[in-house]
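Undergrad: My questions will all concern the structure given below.
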Amino acid sequence: MNNKIFKNLDEQIDILKSKGLVINNYDEAKNVLFKENYFFLSGYRHIFMKDSKENRFIEGTTFEELYSVFVFDRRIRNICFKNILIIENNIKSIISYQLSKKYGYREKDYLNLKNFTQDNMRSRQVKDILNKMKRQIRVNGRQHTATLHYMSNYGYVPLWILVKVLSFGIISELYSILKTEDQIDIADIYGLEVENLVIYLSLLANFRNLCAHEDILYNHRTQRKIKDTKYHHMLEIEKFEDEYIYGKNDLFALVIIFKEMLSENEFHDFIREFAYEVDILDGKVDVISLNCILNQIGFPNNWRDIIE
């Protein structure tokens with residue numbers, strides 16, 4: 001097996017040039033590669049390639065265009081992350097309020113097995129998730145300021161404090177093991193079906209982790225798919241083999257989730273910020289069309305119409 005060996009900046013640029021990338025400003029390209037990492041930047045090359053088999057850039061593709069997509073992805077990742085955090089805070093607040101009101105505010109009360117689904121097939125999952133939550137109480141009980149305060153002064157950690165140290169992934173799992181009536185009460189607040197909210201929280205946790213670790217966002221696809229929504233129909237998104245080709249497990253699926261879980265003003269702000277970055281990118285990339293890039297993201301050409 002061949003080893004990947006270290007390449008200096010000049011060698012990295014030579015590799016890009018050998019694949020047909022145009023380097024207009026050699027020093028600036030070296031500076032970008034030094035700060036941003038060749039490996040991460042090259043992760044955006046695929047949309048500029050002639051085809052999936054030929055590892056060469058479309059004729060005329062410039063380093064500036066490649067870097068523009070890199071920057072675009074960073075900026076929309078920050079925009080998406082900010083809005084995922086809004087939903088994360090909202091759902092944590094809602095779940096902690098609903099469960100505390102019904103089952104009590106001490107962990108021995110709200111983490112009681114009888115408060116969760118009694119499906120025998122899921123008993124192991126329930127115990128696993130509750131153990132994760134108890135572990136967070138142990139780990140953060142003497143470290144996190146709020147949990148330390150409650151442990152020191154009251155001897156317990158209420159759920160509205162515990163949720164602050166729980167990952168979105170655990171919150172997503174927690175919702176999935178609630179009793180059906182509790183799931184319905186929470187889903188109704190968003191005007192959603194329980195099955196949809198279960199999937200939405202799972203996808204949000206997936207995208208959150210991706211954004212937090214600065215992974216490539218624009219062409220990310222999740223394993224789970226959201227169900228068909230009225231927005232797929234209203235936007236007349238194209239189908240292939242009776243399934244919508246956009247807005248199922250891509251970035252536009254996240255936009256649909258935002259549409260259904262953010263407030264109207266929050267969603268309008270998101271679309272305005274996202275559209276601003278799209279317009280900037282449109283002015284910087286010439287070798288491929290803007291719609292080509294948006295389709296890679298999973299956006300239909302009329303994606304802006306979702307705001308209506």
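Here's how to read the names in the structure tokens: chain A, B, ... by the order shown, residue numbers from 1 in each chain, ligand numbers from 1 in the order shown.
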Within 9 Å of Lys259 of chain A, counting only C-alpha atoms, which residues show up once you throw out same-chain ones fewer than 5 positions away? Write them as a ChimeraX atom specification, please.

TA: /A:254,264,267-268,306-307

Undergrad: Tell me which protein, DNA and RNA residues are within 8 Å of segment 183-194 of chain A, counting only C-alpha atoms, leaving out same-chain ones fewer than 2 positions away, and put them as a list in words.

TA: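 Once the nearby chain positions are removed, what remains is Ile94, Ile95, Gln98, Tyr175, Ser176, Leu178, Lys179, Thr180, Glu181, Asn196, Leu197, Val198, Glu260 and Met261 of chain A.
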
Undergrad: I need the chosen residues saved as a compact mmCIF listing (two decimals), in the first residue's frame, with N, CA and C atoms.

TA:
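What ended up in selection25.txt:
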```
# COMPACT_ATOMS: atom_id res chain seq x y z
N ILE A 94 -38.26 22.91 26.23
CA ILE A 94 -39.61 22.33 26.16
C ILE A 94 -39.64 20.96 26.82
N ILE A 95 -38.67 20.10 26.50
CA ILE A 95 -38.65 18.76 27.07
C ILE A 95 -38.47 18.81 28.58
N GLN A 98 -41.78 20.08 30.20
CA GLN A 98 -42.88 19.10 30.14
C GLN A 98 -42.64 17.93 31.10
N TYR A 175 -36.04 12.01 23.43
CA TYR A 175 -37.39 12.20 22.89
C TYR A 175 -37.93 10.89 22.30
N SER A 176 -37.06 10.12 21.68
CA SER A 176 -37.50 8.89 21.01
C SER A 176 -37.99 7.83 21.99
N LEU A 178 -39.61 8.58 24.97
CA LEU A 178 -40.69 9.07 25.82
C LEU A 178 -41.97 8.28 25.56
N LYS A 179 -42.87 8.32 26.53
CA LYS A 179 -44.18 7.74 26.31
C LYS A 179 -44.87 8.47 25.16
N THR A 180 -45.71 7.77 24.46
CA THR A 180 -46.36 8.36 23.28
C THR A 180 -47.09 9.65 23.61
N GLU A 181 -47.81 9.67 24.75
CA GLU A 181 -48.56 10.88 25.09
C GLU A 181 -47.64 12.08 25.33
N ASN A 196 -42.27 12.53 12.56
CA ASN A 196 -41.48 13.57 11.90
C ASN A 196 -40.48 14.20 12.87
N LEU A 197 -40.95 14.51 14.08
CA LEU A 197 -40.07 15.16 15.05
C LEU A 197 -38.91 14.24 15.44
N VAL A 198 -39.17 12.95 15.56
CA VAL A 198 -38.11 11.99 15.86
C VAL A 198 -37.02 12.07 14.79
N GLU A 260 -40.04 24.50 9.68
CA GLU A 260 -41.08 23.96 10.55
C GLU A 260 -40.78 24.13 12.04
N MET A 261 -39.52 24.43 12.39
CA MET A 261 -39.20 24.47 13.81
C MET A 261 -38.69 25.83 14.30
```

Undergrad: Please determine, counting only C-alpha atoms, which residue among A:Leu113, A:Leu21, A:Val126, A:Met234 has the shortest atom-to-atom distance to Glu59 of chain A.

TA: A:Leu21

Undergrad: Taking only segment 75-245 of chain A into account, list the residues labelled strand (DSSP E or B) by DSSP (computed from the backbone), as a PDB file with N, CA and C atoms, in the first residue's frame.

TA:
```
ATOM      1  N   PHE A 116     -40.974   6.262  30.914  1.00  0.00           N
ATOM      2  CA  PHE A 116     -40.602   6.135  29.513  1.00  0.00           C
ATOM      3  C   PHE A 116     -41.331   4.962  28.867  1.00  0.00           C
ATOM      4  N   LEU A 178     -39.606   8.585  24.970  1.00  0.00           N
ATOM      5  CA  LEU A 178     -40.693   9.073  25.820  1.00  0.00           C
ATOM      6  C   LEU A 178     -41.966   8.280  25.561  1.00  0.00           C
ATOM      7  N   LYS A 239     -38.964  14.495  -9.134  1.00  0.00           N
ATOM      8  CA  LYS A 239     -38.906  13.155  -8.564  1.00  0.00           C
ATOM      9  C   LYS A 239     -38.126  12.218  -9.470  1.00  0.00           C
ATOM     10  N   PHE A 240     -37.514  11.213  -8.836  1.00  0.00           N
ATOM     11  CA  PHE A 240     -36.881  10.116  -9.568  1.00  0.00           C
ATOM     12  C   PHE A 240     -37.304   8.817  -8.912  1.00  0.00           C
ATOM     13  N   GLU A 243     -39.544   9.358  -5.918  1.00  0.00           N
ATOM     14  CA  GLU A 243     -39.016   9.989  -4.703  1.00  0.00           C
ATOM     15  C   GLU A 243     -38.403  11.331  -5.060  1.00  0.00           C
ATOM     16  N   TYR A 244     -38.674  12.328  -4.224  1.00  0.00           N
ATOM     17  CA  TYR A 244     -38.115  13.658  -4.468  1.00  0.00           C
ATOM     18  C   TYR A 244     -36.590  13.605  -4.452  1.00  0.00           C
TER      19      TYR A 244
END
```

Undergrad: Find the distance between atom CA of Leu66 of chain A and atom CA of Asp279 of chain A and write it in Å to one decimal.

TA: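 Atom-to-atom, atom CA of Leu66 of chain A and atom CA of Asp279 of chain A are spaced 16.1 Å apart.
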
Undergrad: Show me, as a ChimeraX atom specification, the residues that have an atom within 12 Å of Tyr110 of chain A when counting only C-alpha atoms, minus same-chain residues fewer than 2 positions from it.

TA: /A:95-108,112-116,130,133-134,156-160,162,174,178

Undergrad: Got a sec: who's within 12 Å of Val278 of chain A, counting only C-alpha atoms, leaving out chain neighbours fewer than 6 positions off, as a PDB file with N, CA and C atoms, in the first residue's frame?

TA:
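Saved to part.pdb:
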```pdb
ATOM      1  N   SER A  68     -13.426  29.967  -3.217  1.00  0.00           N
ATOM      2  CA  SER A  68     -14.716  30.636  -2.983  1.00  0.00           C
ATOM      3  C   SER A  68     -15.760  29.650  -2.478  1.00  0.00           C
ATOM      4  N   VAL A  69     -15.766  28.438  -3.022  1.00  0.00           N
ATOM      5  CA  VAL A  69     -16.712  27.418  -2.558  1.00  0.00           C
ATOM      6  C   VAL A  69     -16.364  26.992  -1.134  1.00  0.00           C
ATOM      7  N   VAL A  71     -14.952  28.891   1.173  1.00  0.00           N
ATOM      8  CA  VAL A  71     -15.390  29.982   2.051  1.00  0.00           C
ATOM      9  C   VAL A  71     -16.911  29.997   2.170  1.00  0.00           C
ATOM     10  N   PHE A  72     -17.598  29.785   1.039  1.00  0.00           N
ATOM     11  CA  PHE A  72     -19.057  29.727   1.041  1.00  0.00           C
ATOM     12  C   PHE A  72     -19.546  28.653   2.007  1.00  0.00           C
ATOM     13  N   ASP A  73     -18.926  27.481   1.943  1.00  0.00           N
ATOM     14  CA  ASP A  73     -19.333  26.386   2.816  1.00  0.00           C
ATOM     15  C   ASP A  73     -19.104  26.742   4.271  1.00  0.00           C
ATOM     16  N   ARG A  75     -19.144  29.714   5.615  1.00  0.00           N
ATOM     17  CA  ARG A  75     -20.100  30.736   6.047  1.00  0.00           C
ATOM     18  C   ARG A  75     -21.509  30.176   6.220  1.00  0.00           C
ATOM     19  N   ILE A  76     -21.942  29.297   5.297  1.00  0.00           N
ATOM     20  CA  ILE A  76     -23.276  28.730   5.469  1.00  0.00           C
ATOM     21  C   ILE A  76     -23.291  27.722   6.614  1.00  0.00           C
ATOM     22  N   TYR A 218     -21.752  21.303   2.340  1.00  0.00           N
ATOM     23  CA  TYR A 218     -22.596  21.566   1.179  1.00  0.00           C
ATOM     24  C   TYR A 218     -23.110  20.302   0.495  1.00  0.00           C
ATOM     25  N   ILE A 271     -32.997  32.673   5.884  1.00  0.00           N
ATOM     26  CA  ILE A 271     -33.045  32.712   4.421  1.00  0.00           C
ATOM     27  C   ILE A 271     -32.313  33.936   3.890  1.00  0.00           C
ATOM     28  N   ARG A 272     -32.483  35.071   4.552  1.00  0.00           N
ATOM     29  CA  ARG A 272     -31.818  36.295   4.104  1.00  0.00           C
ATOM     30  C   ARG A 272     -30.292  36.141   4.181  1.00  0.00           C
ATOM     31  N   LYS A 284     -18.522  35.028  -7.860  1.00  0.00           N
ATOM     32  CA  LYS A 284     -17.129  34.597  -7.811  1.00  0.00           C
ATOM     33  C   LYS A 284     -16.835  33.342  -8.626  1.00  0.00           C
ATOM     34  N   VAL A 285     -17.875  32.605  -9.005  1.00  0.00           N
ATOM     35  CA  VAL A 285     -17.673  31.360  -9.755  1.00  0.00           C
ATOM     36  C   VAL A 285     -18.293  31.495 -11.135  1.00  0.00           C
ATOM     37  N   SER A 289     -22.280  26.773 -13.375  1.00  0.00           N
ATOM     38  CA  SER A 289     -23.423  27.607 -13.042  1.00  0.00           C
ATOM     39  C   SER A 289     -23.745  27.546 -11.556  1.00  0.00           C
ATOM     40  N   LEU A 290     -24.384  28.591 -11.059  1.00  0.00           N
ATOM     41  CA  LEU A 290     -24.806  28.627  -9.664  1.00  0.00           C
ATOM     42  C   LEU A 290     -25.773  27.488  -9.373  1.00  0.00           C
ATOM     43  N   ASN A 291     -26.692  27.228 -10.297  1.00  0.00           N
ATOM     44  CA  ASN A 291     -27.667  26.150 -10.075  1.00  0.00           C
ATOM     45  C   ASN A 291     -26.985  24.794  -9.950  1.00  0.00           C
ATOM     46  N   ILE A 293     -24.099  24.260  -8.536  1.00  0.00           N
ATOM     47  CA  ILE A 293     -23.613  24.192  -7.155  1.00  0.00           C
ATOM     48  C   ILE A 293     -24.774  23.956  -6.200  1.00  0.00           C
ATOM     49  N   LEU A 294     -25.884  24.680  -6.399  1.00  0.00           N
ATOM     50  CA  LEU A 294     -27.041  24.546  -5.516  1.00  0.00           C
ATOM     51  C   LEU A 294     -27.637  23.146  -5.591  1.00  0.00           C
ATOM     52  N   ILE A 297     -25.839  20.867  -3.459  1.00  0.00           N
ATOM     53  CA  ILE A 297     -26.219  21.064  -2.062  1.00  0.00           C
ATOM     54  C   ILE A 297     -27.545  20.363  -1.768  1.00  0.00           C
ATOM     55  N   PHE A 299     -30.442  21.781  -3.299  1.00  0.00           N
ATOM     56  CA  PHE A 299     -31.424  22.857  -3.430  1.00  0.00           C
ATOM     57  C   PHE A 299     -32.064  22.836  -4.824  1.00  0.00           C
ATOM     58  N   TRP A 303     -35.506  27.464  -4.728  1.00  0.00           N
ATOM     59  CA  TRP A 303     -35.432  27.247  -3.282  1.00  0.00           C
ATOM     60  C   TRP A 303     -35.873  28.464  -2.463  1.00  0.00           C
ATOM     61  N   ARG A 304     -35.662  29.665  -2.987  1.00  0.00           N
ATOM     62  CA  ARG A 304     -36.023  30.867  -2.229  1.00  0.00           C
ATOM     63  C   ARG A 304     -37.525  30.973  -1.996  1.00  0.00           C
TER      64      ARG A 304
END
```

Undergrad: Which residue out of A:Asp109, A:Glu54, A:Glu236, A:Asp119 has the minimum interatomic distance to Asp305 of chain A when only C-alpha atoms are used?

TA: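 Between A:Asp109, A:Glu54, A:Glu236, A:Asp119, the residue approaching Asp305 of chain A most closely is A:Glu236.
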
Undergrad: Separation of atom CA of Lys127 of chain A and atom CA of Leu111 of chain A, in Å?

TA: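 Spanning atom CA of Lys127 of chain A to atom CA of Leu111 of chain A is a straight-line distance of 9.8 Å.
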